[in-house]
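Have a look at target-v4.cif; it's mmCIF, C-alpha atoms and all ligand atoms:
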```
data_model
loop_
_atom_site.label_atom_id
_atom_site.label_comp_id
_atom_site.auth_asym_id
_atom_site.auth_seq_id
_atom_site.Cartn_x
_atom_site.Cartn_y
_atom_site.Cartn_z
CA MET A 293 -22.14 -5.90 2.12
CA SER A 294 -19.86 -6.67 5.05
CA THR A 295 -16.39 -8.11 4.97
CA ALA A 296 -14.51 -10.28 7.41
CA LEU A 297 -11.52 -7.99 6.96
CA PRO A 298 -10.86 -5.61 9.84
CA ILE A 299 -11.71 -2.11 8.61
CA ALA A 300 -11.83 0.16 11.64
CA PRO A 301 -9.92 3.13 13.03
CA ASP A 302 -7.78 0.84 15.20
CA THR A 303 -6.91 -1.51 12.32
CA PRO A 304 -4.53 0.41 10.04
CA TRP A 305 -3.72 -1.06 6.62
CA LEU A 306 -0.51 -1.18 4.61
CA ALA A 307 -1.12 0.21 1.13
CA PRO A 308 -0.16 -1.56 -2.08
CA LEU A 309 3.34 -0.29 -2.89
CA ALA A 310 4.87 -1.46 -6.15
CA GLY A 311 8.49 -2.33 -5.57
CA TYR A 312 8.11 -2.39 -1.80
CA SER A 313 5.11 -4.14 -0.20
CA ASP A 314 6.55 -7.61 -0.67
CA LEU A 315 6.41 -10.40 1.91
CA PRO A 316 9.33 -9.30 4.15
CA PHE A 317 8.20 -5.67 4.19
CA ARG A 318 4.61 -6.69 4.95
CA LEU A 319 5.80 -8.92 7.81
CA LEU A 320 7.86 -6.09 9.21
CA CYS A 321 4.86 -3.75 9.14
CA ARG A 322 2.66 -6.43 10.73
CA GLU A 323 5.17 -6.74 13.58
CA TYR A 324 4.51 -3.05 14.29
CA GLY A 325 0.73 -3.46 14.24
CA CYS A 326 -0.38 -3.33 10.61
CA SER A 327 -3.76 -5.12 10.57
CA VAL A 328 -4.23 -5.79 6.86
CA ALA A 329 -1.62 -5.67 4.13
CA VAL A 330 -2.05 -5.35 0.38
CA THR A 331 0.39 -6.86 -2.11
CA GLU A 332 2.15 -4.82 -4.75
CA MET A 333 -0.05 -4.50 -7.83
CA ILE A 334 0.07 -7.69 -9.85
CA SER A 335 -0.66 -7.76 -13.56
CA ALA A 336 -3.54 -10.13 -14.36
CA LYS A 337 -1.98 -10.78 -17.76
CA GLY A 338 1.43 -11.32 -16.20
CA LEU A 339 -0.08 -13.89 -13.89
CA ILE A 340 -1.76 -15.82 -16.70
CA TYR A 341 1.37 -15.74 -18.86
CA ASN A 342 3.61 -16.55 -15.92
CA SER A 343 5.74 -13.45 -16.41
CA PRO A 344 9.08 -13.45 -14.60
CA GLY A 345 8.85 -11.91 -11.15
CA THR A 346 5.13 -12.52 -10.67
CA GLU A 347 5.68 -15.49 -8.36
CA GLU A 348 7.87 -13.38 -6.11
CA LEU A 349 5.05 -10.83 -5.80
CA LEU A 350 2.72 -13.59 -4.62
CA GLN A 351 5.06 -15.05 -2.05
CA THR A 352 3.32 -15.29 1.31
CA CYS A 353 3.34 -17.31 4.56
CA PRO A 354 0.90 -18.09 7.41
CA GLN A 355 1.88 -14.98 9.42
CA ASP A 356 1.06 -12.82 6.40
CA THR A 357 -2.69 -12.61 7.01
CA PRO A 358 -5.10 -11.11 6.34
CA LEU A 359 -3.71 -10.36 2.90
CA VAL A 360 -5.36 -8.58 -0.01
CA VAL A 361 -4.01 -9.27 -3.49
CA GLN A 362 -4.11 -6.20 -5.67
CA LEU A 363 -4.61 -6.88 -9.35
CA PHE A 364 -4.31 -4.56 -12.28
CA GLY A 365 -5.61 -5.07 -15.75
CA ALA A 366 -8.25 -3.87 -18.14
CA GLU A 367 -9.56 -7.08 -19.63
CA GLU A 368 -12.27 -8.91 -17.75
CA SER A 369 -11.20 -12.35 -19.00
CA PHE A 370 -7.63 -11.99 -17.68
CA LEU A 371 -8.77 -10.56 -14.37
CA LEU A 372 -11.32 -13.32 -13.88
CA ARG A 373 -8.92 -16.10 -14.80
CA SER A 374 -6.23 -14.72 -12.54
CA MET A 375 -8.68 -14.51 -9.62
CA GLU A 376 -9.76 -18.10 -10.22
CA LEU A 377 -6.16 -19.19 -10.25
CA LEU A 378 -5.39 -17.29 -7.05
CA GLN A 379 -8.48 -18.62 -5.30
CA HIS A 380 -7.30 -22.14 -6.09
CA ARG A 381 -4.05 -21.27 -4.39
CA GLY A 382 -5.88 -20.10 -1.27
CA PHE A 383 -5.95 -16.31 -1.78
CA LYS A 384 -9.28 -14.90 -0.68
CA TYR A 385 -9.30 -11.10 -0.75
CA PHE A 386 -8.78 -8.96 -3.84
CA ASP A 387 -8.50 -5.32 -4.79
CA LEU A 388 -8.66 -3.81 -8.25
CA ASN A 389 -6.20 -1.04 -8.95
CA CYS A 390 -8.19 1.85 -10.43
CA GLY A 391 -5.80 4.55 -9.34
CA CYS A 392 -2.30 3.99 -10.69
CA SER A 393 -1.44 6.85 -13.02
CA VAL A 394 1.96 5.60 -14.20
CA ARG A 395 2.20 5.77 -18.03
CA LYS A 396 3.20 2.14 -18.42
CA VAL A 397 -0.02 1.09 -16.65
CA VAL A 398 -2.57 3.57 -18.01
CA LYS A 399 -1.50 3.08 -21.63
CA THR A 400 -2.85 -0.47 -21.36
CA GLY A 401 -6.22 0.86 -20.16
CA SER A 402 -5.49 -0.34 -16.61
CA GLY A 403 -5.13 1.51 -13.31
CA ALA A 404 -6.54 5.04 -13.31
CA ALA A 405 -7.46 4.69 -17.01
CA LEU A 406 -10.41 2.59 -15.81
CA LEU A 407 -11.90 5.77 -14.35
CA LYS A 408 -12.36 7.15 -17.87
CA ASP A 409 -15.33 4.85 -18.39
CA PRO A 410 -17.24 4.47 -15.11
CA ALA A 411 -20.02 2.38 -16.71
CA ALA A 412 -17.52 -0.17 -18.02
CA LEU A 413 -15.72 -0.20 -14.68
CA THR A 414 -19.01 -0.85 -12.90
CA ARG A 415 -19.75 -3.80 -15.22
CA LEU A 416 -16.27 -5.15 -14.55
CA ALA A 417 -16.78 -4.66 -10.81
CA ARG A 418 -19.99 -6.70 -10.90
CA THR A 419 -18.22 -9.67 -12.49
CA LEU A 420 -15.15 -9.50 -10.28
CA SER A 421 -17.15 -9.07 -7.07
CA ALA A 422 -19.25 -12.11 -7.97
CA GLN A 423 -16.10 -14.12 -8.61
CA ALA A 424 -14.51 -13.02 -5.32
CA GLY A 425 -17.64 -13.74 -3.29
CA PRO A 426 -19.36 -11.61 -0.64
CA GLY A 427 -17.09 -9.31 1.32
CA CYS A 428 -13.95 -10.17 -0.63
CA MET A 429 -13.49 -7.53 -3.35
CA GLY A 430 -12.40 -3.93 -2.93
CA PHE A 431 -11.62 -1.12 -5.37
CA LYS A 432 -8.90 1.51 -5.00
CA ILE A 433 -9.85 4.65 -6.86
CA ARG A 434 -8.89 8.28 -7.34
CA LEU A 435 -11.24 11.24 -7.79
CA GLY A 436 -11.29 10.78 -11.54
CA TRP A 437 -8.99 11.15 -14.52
CA ASP A 438 -8.82 14.94 -14.24
CA GLN A 439 -10.71 17.69 -12.51
CA GLN A 440 -13.15 18.02 -15.42
CA HIS A 441 -13.95 14.35 -15.04
CA THR A 442 -14.50 13.92 -11.32
CA VAL A 443 -16.28 10.58 -11.16
CA TYR A 444 -15.66 9.09 -7.72
CA MET A 445 -19.24 9.94 -6.95
CA PRO A 446 -21.48 8.36 -8.16
CA LEU A 447 -18.89 5.75 -9.24
CA ALA A 448 -18.39 4.56 -5.66
CA GLN A 449 -22.16 4.17 -5.23
CA ASP A 450 -22.30 2.14 -8.45
CA LEU A 451 -19.40 -0.01 -7.26
CA GLU A 452 -21.26 -0.61 -4.00
CA GLN A 453 -24.33 -1.73 -5.98
CA ALA A 454 -22.06 -3.94 -8.07
CA GLY A 455 -20.90 -5.82 -4.96
CA ALA A 456 -17.80 -3.96 -3.77
CA ALA A 457 -17.05 -4.74 -0.13
CA TRP A 458 -14.93 -1.63 0.49
CA ILE A 459 -13.60 1.40 -1.37
CA THR A 460 -10.22 2.97 -0.92
CA LEU A 461 -10.02 6.57 -2.11
CA HIS A 462 -6.82 8.46 -2.83
CA PRO A 463 -8.34 11.92 -3.23
CA ARG A 464 -6.26 13.22 -6.12
CA TRP A 465 -7.01 13.15 -9.84
CA ALA A 466 -4.96 10.79 -11.96
CA THR A 467 -3.37 13.65 -13.90
CA GLN A 468 -2.02 14.98 -10.61
CA GLY A 469 0.13 11.93 -9.96
CA PHE A 470 1.49 12.76 -6.52
CA THR A 471 1.56 16.55 -6.95
CA GLY A 472 -0.52 19.00 -4.97
CA MET A 473 -2.22 17.81 -1.84
CA ALA A 474 -4.70 15.02 -1.23
CA ASP A 475 -8.04 16.74 -0.64
CA TRP A 476 -9.50 14.86 2.32
CA SER A 477 -12.86 16.66 2.04
CA HIS A 478 -13.75 14.20 -0.73
CA LEU A 479 -13.28 11.35 1.74
CA GLU A 480 -15.90 12.90 3.98
CA HIS A 481 -18.33 13.24 1.05
CA LEU A 482 -17.73 9.66 0.03
CA LYS A 483 -18.22 8.36 3.56
CA HIS A 484 -21.67 9.97 3.64
CA ALA A 485 -22.62 8.59 0.23
CA VAL A 486 -21.98 4.84 0.66
CA GLN A 487 -22.76 2.19 3.24
CA ILE A 488 -19.68 0.05 2.63
CA PRO A 489 -16.45 0.88 4.49
CA VAL A 490 -14.27 3.66 3.12
CA ILE A 491 -10.50 3.55 3.56
CA ALA A 492 -8.45 6.72 3.23
CA SER A 493 -5.19 6.93 1.33
CA GLY A 494 -3.25 10.09 0.58
CA ASP A 495 -0.73 12.23 2.42
CA LEU A 496 -0.75 10.09 5.56
CA PHE A 497 2.92 10.70 6.27
CA THR A 498 2.72 10.44 10.04
CA ALA A 499 0.57 8.73 12.65
CA THR A 500 -0.84 12.15 13.55
CA ASP A 501 -1.89 12.73 9.91
CA ALA A 502 -3.80 9.46 9.96
CA LEU A 503 -5.65 10.18 13.19
CA ARG A 504 -6.48 13.68 11.96
CA CYS A 505 -7.79 12.26 8.70
CA ILE A 506 -10.11 9.85 10.51
CA GLU A 507 -11.35 12.57 12.86
CA ARG A 508 -11.98 15.04 10.05
CA THR A 509 -13.60 12.73 7.52
CA GLY A 510 -15.19 9.90 9.50
CA VAL A 511 -13.63 7.26 7.22
CA ASP A 512 -13.61 3.72 8.54
CA SER A 513 -9.88 3.17 8.35
CA ILE A 514 -6.63 4.43 6.84
CA MET A 515 -3.88 3.01 4.69
CA PHE A 516 -0.22 3.97 5.18
CA ALA A 517 1.85 4.21 1.99
CA ARG A 518 4.82 6.61 1.84
CA GLY A 519 4.49 7.02 5.61
CA ALA A 520 5.27 3.31 6.05
CA LEU A 521 8.11 3.45 3.54
CA SER A 522 9.98 6.01 5.56
CA ASP A 523 9.03 4.42 8.88
CA PRO A 524 7.43 0.96 9.16
CA SER A 525 7.06 1.58 12.90
CA ILE A 526 4.43 4.21 11.98
CA PHE A 527 1.87 1.50 12.79
CA ALA A 528 3.06 1.26 16.40
CA ARG A 529 3.10 5.06 16.67
CA TYR A 530 -0.42 5.17 15.30
CA HIS A 531 -1.69 2.58 17.81
CA ALA A 532 -0.03 4.48 20.69
CA LEU A 533 -1.59 7.78 19.62
CA TYR A 534 -4.94 6.10 19.14
CA ARG A 535 -4.75 4.88 22.76
CA ASN A 536 -3.83 8.42 23.84
CA GLU A 537 -0.29 7.31 24.69
CA THR A 538 2.91 9.02 23.65
CA PRO A 539 4.73 7.07 20.94
CA PRO A 540 8.45 6.43 21.56
CA LEU A 541 10.83 9.03 20.21
CA PRO A 542 12.42 8.02 16.92
CA SER A 543 16.07 7.04 17.24
CA PHE A 544 18.82 6.17 14.80
CA SER A 545 19.48 2.93 16.67
CA ALA A 546 15.82 1.98 16.16
CA VAL A 547 16.27 2.55 12.42
CA CYS A 548 19.37 0.33 12.47
CA ALA A 549 17.42 -2.37 14.31
CA LEU A 550 14.74 -2.12 11.66
CA VAL A 551 17.29 -2.59 8.86
CA ARG A 552 18.69 -5.64 10.67
CA ARG A 553 15.17 -7.07 11.00
CA LEU A 554 14.56 -6.50 7.29
CA GLU A 555 17.79 -8.29 6.46
CA PHE A 556 16.64 -11.21 8.60
CA LEU A 557 13.22 -11.32 6.93
CA TYR A 558 14.62 -11.14 3.39
CA THR A 559 17.12 -13.87 4.18
CA THR A 560 14.57 -16.09 5.91
CA HIS A 561 12.16 -15.82 3.01
CA ALA A 562 14.87 -16.48 0.45
CA MET A 563 14.35 -13.37 -1.63
CA PRO A 564 17.96 -12.38 -2.27
CA ARG A 565 17.40 -10.62 -5.60
CA ALA A 566 14.48 -8.53 -4.36
CA GLY A 567 16.25 -8.02 -1.05
CA LEU A 568 19.28 -6.52 -2.68
CA LEU A 569 17.28 -4.06 -4.75
CA LYS A 570 15.09 -3.19 -1.76
CA MET A 571 18.09 -2.68 0.43
CA ARG A 572 19.43 -0.02 -1.97
CA THR A 573 16.15 1.87 -2.30
CA LEU A 574 14.49 1.27 1.04
CA VAL A 575 17.38 1.95 3.40
CA PRO A 576 17.92 5.52 2.12
CA ARG A 577 14.16 6.08 2.56
CA LEU A 578 14.33 4.83 6.15
CA LEU A 579 17.27 7.10 6.84
CA LYS A 580 15.65 10.17 5.32
CA GLY A 581 15.84 13.20 7.53
CA TRP A 582 18.45 11.85 9.93
CA PRO A 583 21.36 14.13 10.72
CA GLY A 584 24.75 12.90 9.60
CA VAL A 585 23.45 10.17 7.31
CA LYS A 586 24.30 11.82 4.00
CA THR A 587 27.44 9.69 3.74
CA ILE A 588 25.54 6.52 4.48
CA ARG A 589 22.97 7.36 1.84
CA ARG A 590 25.69 8.07 -0.73
CA GLU A 591 27.68 4.93 0.10
CA SER A 592 24.63 2.67 0.37
CA VAL A 593 24.31 2.78 -3.42
CA TYR A 594 27.56 0.81 -3.65
CA CYS A 595 26.58 -1.86 -1.13
CA ARG A 596 26.35 -5.25 -2.79
CA SER A 597 24.80 -7.09 0.14
CA TRP A 598 22.89 -6.56 3.34
CA ALA A 599 26.08 -7.42 5.21
CA GLU A 600 27.84 -4.48 3.55
CA MET A 601 24.91 -2.22 4.37
CA LEU A 602 24.89 -3.28 8.02
CA ALA A 603 28.65 -2.78 8.24
CA LEU A 604 28.21 0.69 6.74
CA LEU A 605 25.64 1.59 9.39
CA GLU A 606 27.88 0.26 12.14
CA ARG A 607 30.83 2.33 10.87
CA HIS A 608 28.89 5.44 11.79
CA PRO A 609 28.74 5.24 15.57
CA GLU A 610 28.27 8.99 15.89
CA THR A 611 24.85 8.75 14.22
CA SER A 612 23.87 5.64 16.10
CA ASN A 613 23.57 7.71 19.25
CA PRO A 614 19.87 8.42 19.72
CA ASP A 615 20.75 11.54 21.71
CA GLU A 616 21.91 13.12 18.49
CA VAL A 617 18.36 13.10 17.12
C1 LIG B 701 6.46 3.64 -4.37
C2 LIG B 701 4.97 3.59 -4.50
C3 LIG B 701 4.35 2.49 -5.05
C4 LIG B 701 2.94 2.44 -5.16
N1 LIG B 701 2.35 1.33 -5.69
C5 LIG B 701 1.00 1.24 -5.75
C6 LIG B 701 0.37 0.06 -6.22
O1 LIG B 701 1.01 -0.94 -6.56
N2 LIG B 701 -1.01 0.05 -6.26
C7 LIG B 701 -1.75 1.13 -5.85
O2 LIG B 701 -2.99 1.06 -5.90
N3 LIG B 701 -1.17 2.24 -5.39
C8 LIG B 701 0.17 2.31 -5.31
N4 LIG B 701 0.76 3.43 -4.79
C9 LIG B 701 -0.09 4.48 -4.22
C10 LIG B 701 -0.24 4.28 -2.71
O3 LIG B 701 -0.85 3.06 -2.40
C11 LIG B 701 -1.05 5.44 -2.07
O4 LIG B 701 -2.36 5.41 -2.54
C12 LIG B 701 -0.41 6.79 -2.37
O5 LIG B 701 0.99 6.77 -2.15
C13 LIG B 701 -1.04 7.89 -1.51
O6 LIG B 701 -0.76 7.68 -0.15
P1 LIG B 701 0.42 8.53 0.63
O7 LIG B 701 0.30 9.94 0.12
O8 LIG B 701 0.06 8.38 2.08
O9 LIG B 701 1.71 7.94 0.23
C14 LIG B 701 2.15 3.51 -4.71
C15 LIG B 701 2.78 4.63 -4.14
C16 LIG B 701 4.17 4.67 -4.02
C17 LIG B 701 4.81 5.88 -3.40
#
```
Take the structure in the file and write it out as structure tokens.
Amino acid sequence: MSTALPIAPDTPWLAPLAGYSDLPFRLLCREYGCSVAVTEMISAKGLIYNSPGTEELLQTCPQDTPLVVQLFGAEESFLLRSMELLQHRGFKYFDLNCGCSVRKVVKTGSGAALLKDPAALTRLARTLSAQAGPGCMGFKIRLGWDQQHTVYMPLAQDLEQAGAAWITLHPRWATQGFTGMADWSHLEHLKHAVQIPVIASGDLFTATDALRCIERTGVDSIMFARGALSDPSIFARYHALYRNETPPLPSFSAVCALVRRLEFLYTTHAMPRAGLLKMRTLVPRLLKGWPGVKTIRRESVYCRSWAEMLALLERHPETSNPDEV
């Protein structure tokens, strides 16, 4: 099974990030060299019942390609109907979330709860892959529910037989959440066990991590998640390192430019509500680790608009000097 999606070491992906990987954030990452972006997880049921907020999650534009829509759900009928609906609207690539371990999701049998019954998941995968068409359906999995139930192999082989076009593995068990470390050795095992492309996710905090992961495991590509949240320019750094070039040094002024660009993208794409929430949570993430930004982080909580946030950044000229870094 091959896919038209670029899945190679020089085509880094942006991971699905609930609350973050919306249209403006995806566009920003694409500007830095993200090759494929995945939407935030979208509830199949929410889509069918037109739940508030779902439309915003599906907002896209011609520059936002290739795009993979990540769905979550446990019931085949809802997943199928939502894929049909999305296909009618022009969406082509899909991913099923089989890795989210958040209580709200797993208590509905969705996300990582799907790993508890690999046979049922494989049946579901067969139907969804057929609906998506050749090369259009991927599955994002973890190692299993817990260590005693490590199922990623042979599950991934069964998913391949069922028509999966690619597998993304976050090598932690669901019960781990984000604790401990992602064990990349499982990625290497998986890569040897299936013919379809394998994408790595897990503890890729820097461009160097990602390159090291590919070198160690032989996976086809990588997906930046928390690494992109703290620095969307991680994609450019990754490309530079991949070409054996030295990536530019990080600077506070570059972070400020990035915030201004985000403001522009949120305004252009008329997402004021999401933009405001993002601004409060994303900006402190972008500023993480910078000297002298404690005040900004504290005060950013009170900002009621991007304009206030930008003014706050500009009031701190001492930190806007890259030499300070
Ligand atoms: C804020 C946040 C939101 C996430 N949302 C999703 C999601 O919607 N779907 C999904 O499959 N994984 C989601 N993940 C998991 C990431 O896609 C990724 O697999 C995980 O963070 C491991 O990669 P990292 O250690 O490089 O961050 C989320 C992670 C974070 C931190």
Residues within 12 Å of range 549-554 of chain A, please, as a ChimeraX atom specification. Count only C-alpha atoms; anything in the same chain fewer than 6 positions from it doesn't count. /A:312,314-321,323-324,521-525,542-543,560-561,563-564,566-568,570-572,574-579,598-606,612
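Here CA of Thr400 in chain A and CA of Ile459 in chain A stand 22.8 Å from one another.
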Please provide as number ranges by chain all residues within 7 Å of range 354-370 of chain A, with the sequence filter that same-chain residues fewer than 5 positions apart are discarded (counting only C-alpha atoms). A: 319, 328-337, 385-389, 401-403, 416
Name the residues in contact with range 430-435 of chain A at a cut-off of 9 Å, using only C-alpha atoms, excluding same-chain residues fewer than 6 positions from it; report them as a PyMOL selection string. chain A and resi 360+385-392+403-404+407+417+421+441-445+448+451+455-466+478+491
d(CA of Lys483 in chain A, atom C13 of ligand LIG 701 (chain B)) in Å: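 About the pair CA of Lys483 in chain A and atom C13 of ligand LIG 701 (chain B): they are 17.9 Å apart.
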Could you work out how far CA of Asp438 in chain A lies from CA of Val394 in chain A, giving the answer in Å with one decimal?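 Atom-to-atom, CA of Val394 in chain A to CA of Asp438 in chain A, that is 14.3 Å.
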With only C-alpha atoms as the atoms that count, which of A:Ala424, A:Leu297, A:Val490, A:Val397 lies nearest to Gly382 in chain A? A:Ala424
Leaving out Arg504 in chain A and any residue of its chain fewer than 3 positions from it, which residues lie within 12 Å of it when counting only C-alpha atoms, given as a ChimeraX atom specification? /A:301,476,492,495-501,507-511,513-514,530,533-534
Residue among A:Ala528, A:Lys399, A:Gln423, A:Asp512 lying closest to Gly325 in chain A, counting all atoms listed in the file: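 Selected residue with least distance to Gly325 in chain A: A:Ala528.
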Measuring atom to atom with all atoms listed in the file, identify which of A:Cys548, A:Leu557, A:Val593, A:Ala517 is nearest to ligand LIG 701 (chain B). A:Ala517
Considering all atoms listed in the file, can you say which of A:Ser313, A:Gln453, A:Ser294, A:Ser592 comes closest to ligand LIG 701 (chain B)?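 Of A:Ser313, A:Gln453, A:Ser294, A:Ser592, the one nearest ligand LIG 701 (chain B) is A:Ser313, counting all atoms listed in the file.
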Restricting the calculation to all atoms listed in the file, which member of A:Pro540, A:Gly581, A:Pro304, A:Gly494 is positioned closest to ligand LIG 701 (chain B)? A:Gly494
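Residues having any atom no farther than 8 Å from (-24.1, 2.4, -3.1) (counting all atoms listed in the file) are Ala448, Gln449, Asp450, Leu451, Glu452, Gln453, Ala485, Val486, Gln487 and Ile488 of chain A.
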Could you write out as JSON the box around range 529-536 of chain A (axis-aligned, all atoms listed in the file, 6 Å on each side), with centre and edge lengths in Å to one decimal?
```
{"center_x": -0.9, "center_y": 5.5, "center_z": 19.6, "size_x": 20.0, "size_y": 17.8, "size_z": 20.5}
```
Taking N, CA and C atoms as the atom set, what does range 466-479 of chain A look like once completed, written as a PDB file, in the frame of the given file?
```pdb
ATOM      1  N   ALA A 466      -6.062  11.559 -11.387  1.00  0.00           N
ATOM      2  CA  ALA A 466      -4.960  10.790 -11.960  1.00  0.00           C
ATOM      3  C   ALA A 466      -3.898  11.698 -12.574  1.00  0.00           C
ATOM      4  N   THR A 467      -4.337  12.761 -13.243  1.00  0.00           N
ATOM      5  CA  THR A 467      -3.370  13.650 -13.900  1.00  0.00           C
ATOM      6  C   THR A 467      -2.465  14.349 -12.883  1.00  0.00           C
ATOM      7  N   GLN A 468      -2.859  14.358 -11.641  1.00  0.00           N
ATOM      8  CA  GLN A 468      -2.020  14.980 -10.610  1.00  0.00           C
ATOM      9  C   GLN A 468      -0.837  14.106 -10.222  1.00  0.00           C
ATOM     10  N   GLY A 469      -0.917  12.819 -10.474  1.00  0.00           N
ATOM     11  CA  GLY A 469       0.130  11.930  -9.960  1.00  0.00           C
ATOM     12  C   GLY A 469       0.183  12.078  -8.448  1.00  0.00           C
ATOM     13  N   PHE A 470       1.349  12.541  -7.966  1.00  0.00           N
ATOM     14  CA  PHE A 470       1.490  12.760  -6.520  1.00  0.00           C
ATOM     15  C   PHE A 470       1.652  14.245  -6.200  1.00  0.00           C
ATOM     16  N   THR A 471       1.356  15.110  -7.188  1.00  0.00           N
ATOM     17  CA  THR A 471       1.560  16.550  -6.950  1.00  0.00           C
ATOM     18  C   THR A 471       0.378  17.128  -6.183  1.00  0.00           C
ATOM     19  N   GLY A 472       0.541  18.353  -5.739  1.00  0.00           N
ATOM     20  CA  GLY A 472      -0.520  19.000  -4.970  1.00  0.00           C
ATOM     21  C   GLY A 472      -0.753  18.259  -3.664  1.00  0.00           C
ATOM     22  N   MET A 473      -1.913  18.485  -3.108  1.00  0.00           N
ATOM     23  CA  MET A 473      -2.220  17.810  -1.840  1.00  0.00           C
ATOM     24  C   MET A 473      -3.449  16.924  -2.001  1.00  0.00           C
ATOM     25  N   ALA A 474      -3.485  15.835  -1.246  1.00  0.00           N
ATOM     26  CA  ALA A 474      -4.700  15.020  -1.230  1.00  0.00           C
ATOM     27  C   ALA A 474      -5.792  15.842  -0.551  1.00  0.00           C
ATOM     28  N   ASP A 475      -6.952  15.928  -1.190  1.00  0.00           N
ATOM     29  CA  ASP A 475      -8.040  16.740  -0.640  1.00  0.00           C
ATOM     30  C   ASP A 475      -8.986  15.832   0.152  1.00  0.00           C
ATOM     31  N   TRP A 476      -8.763  15.788   1.464  1.00  0.00           N
ATOM     32  CA  TRP A 476      -9.500  14.860   2.320  1.00  0.00           C
ATOM     33  C   TRP A 476     -11.002  15.145   2.369  1.00  0.00           C
ATOM     34  N   SER A 477     -11.422  16.355   1.959  1.00  0.00           N
ATOM     35  CA  SER A 477     -12.860  16.660   2.040  1.00  0.00           C
ATOM     36  C   SER A 477     -13.662  15.679   1.182  1.00  0.00           C
ATOM     37  N   HIS A 478     -13.040  15.170   0.114  1.00  0.00           N
ATOM     38  CA  HIS A 478     -13.750  14.200  -0.730  1.00  0.00           C
ATOM     39  C   HIS A 478     -13.992  12.883   0.026  1.00  0.00           C
ATOM     40  N   LEU A 479     -13.097  12.583   0.949  1.00  0.00           N
ATOM     41  CA  LEU A 479     -13.280  11.350   1.740  1.00  0.00           C
ATOM     42  C   LEU A 479     -14.533  11.470   2.599  1.00  0.00           C
TER      43      LEU A 479
END
```
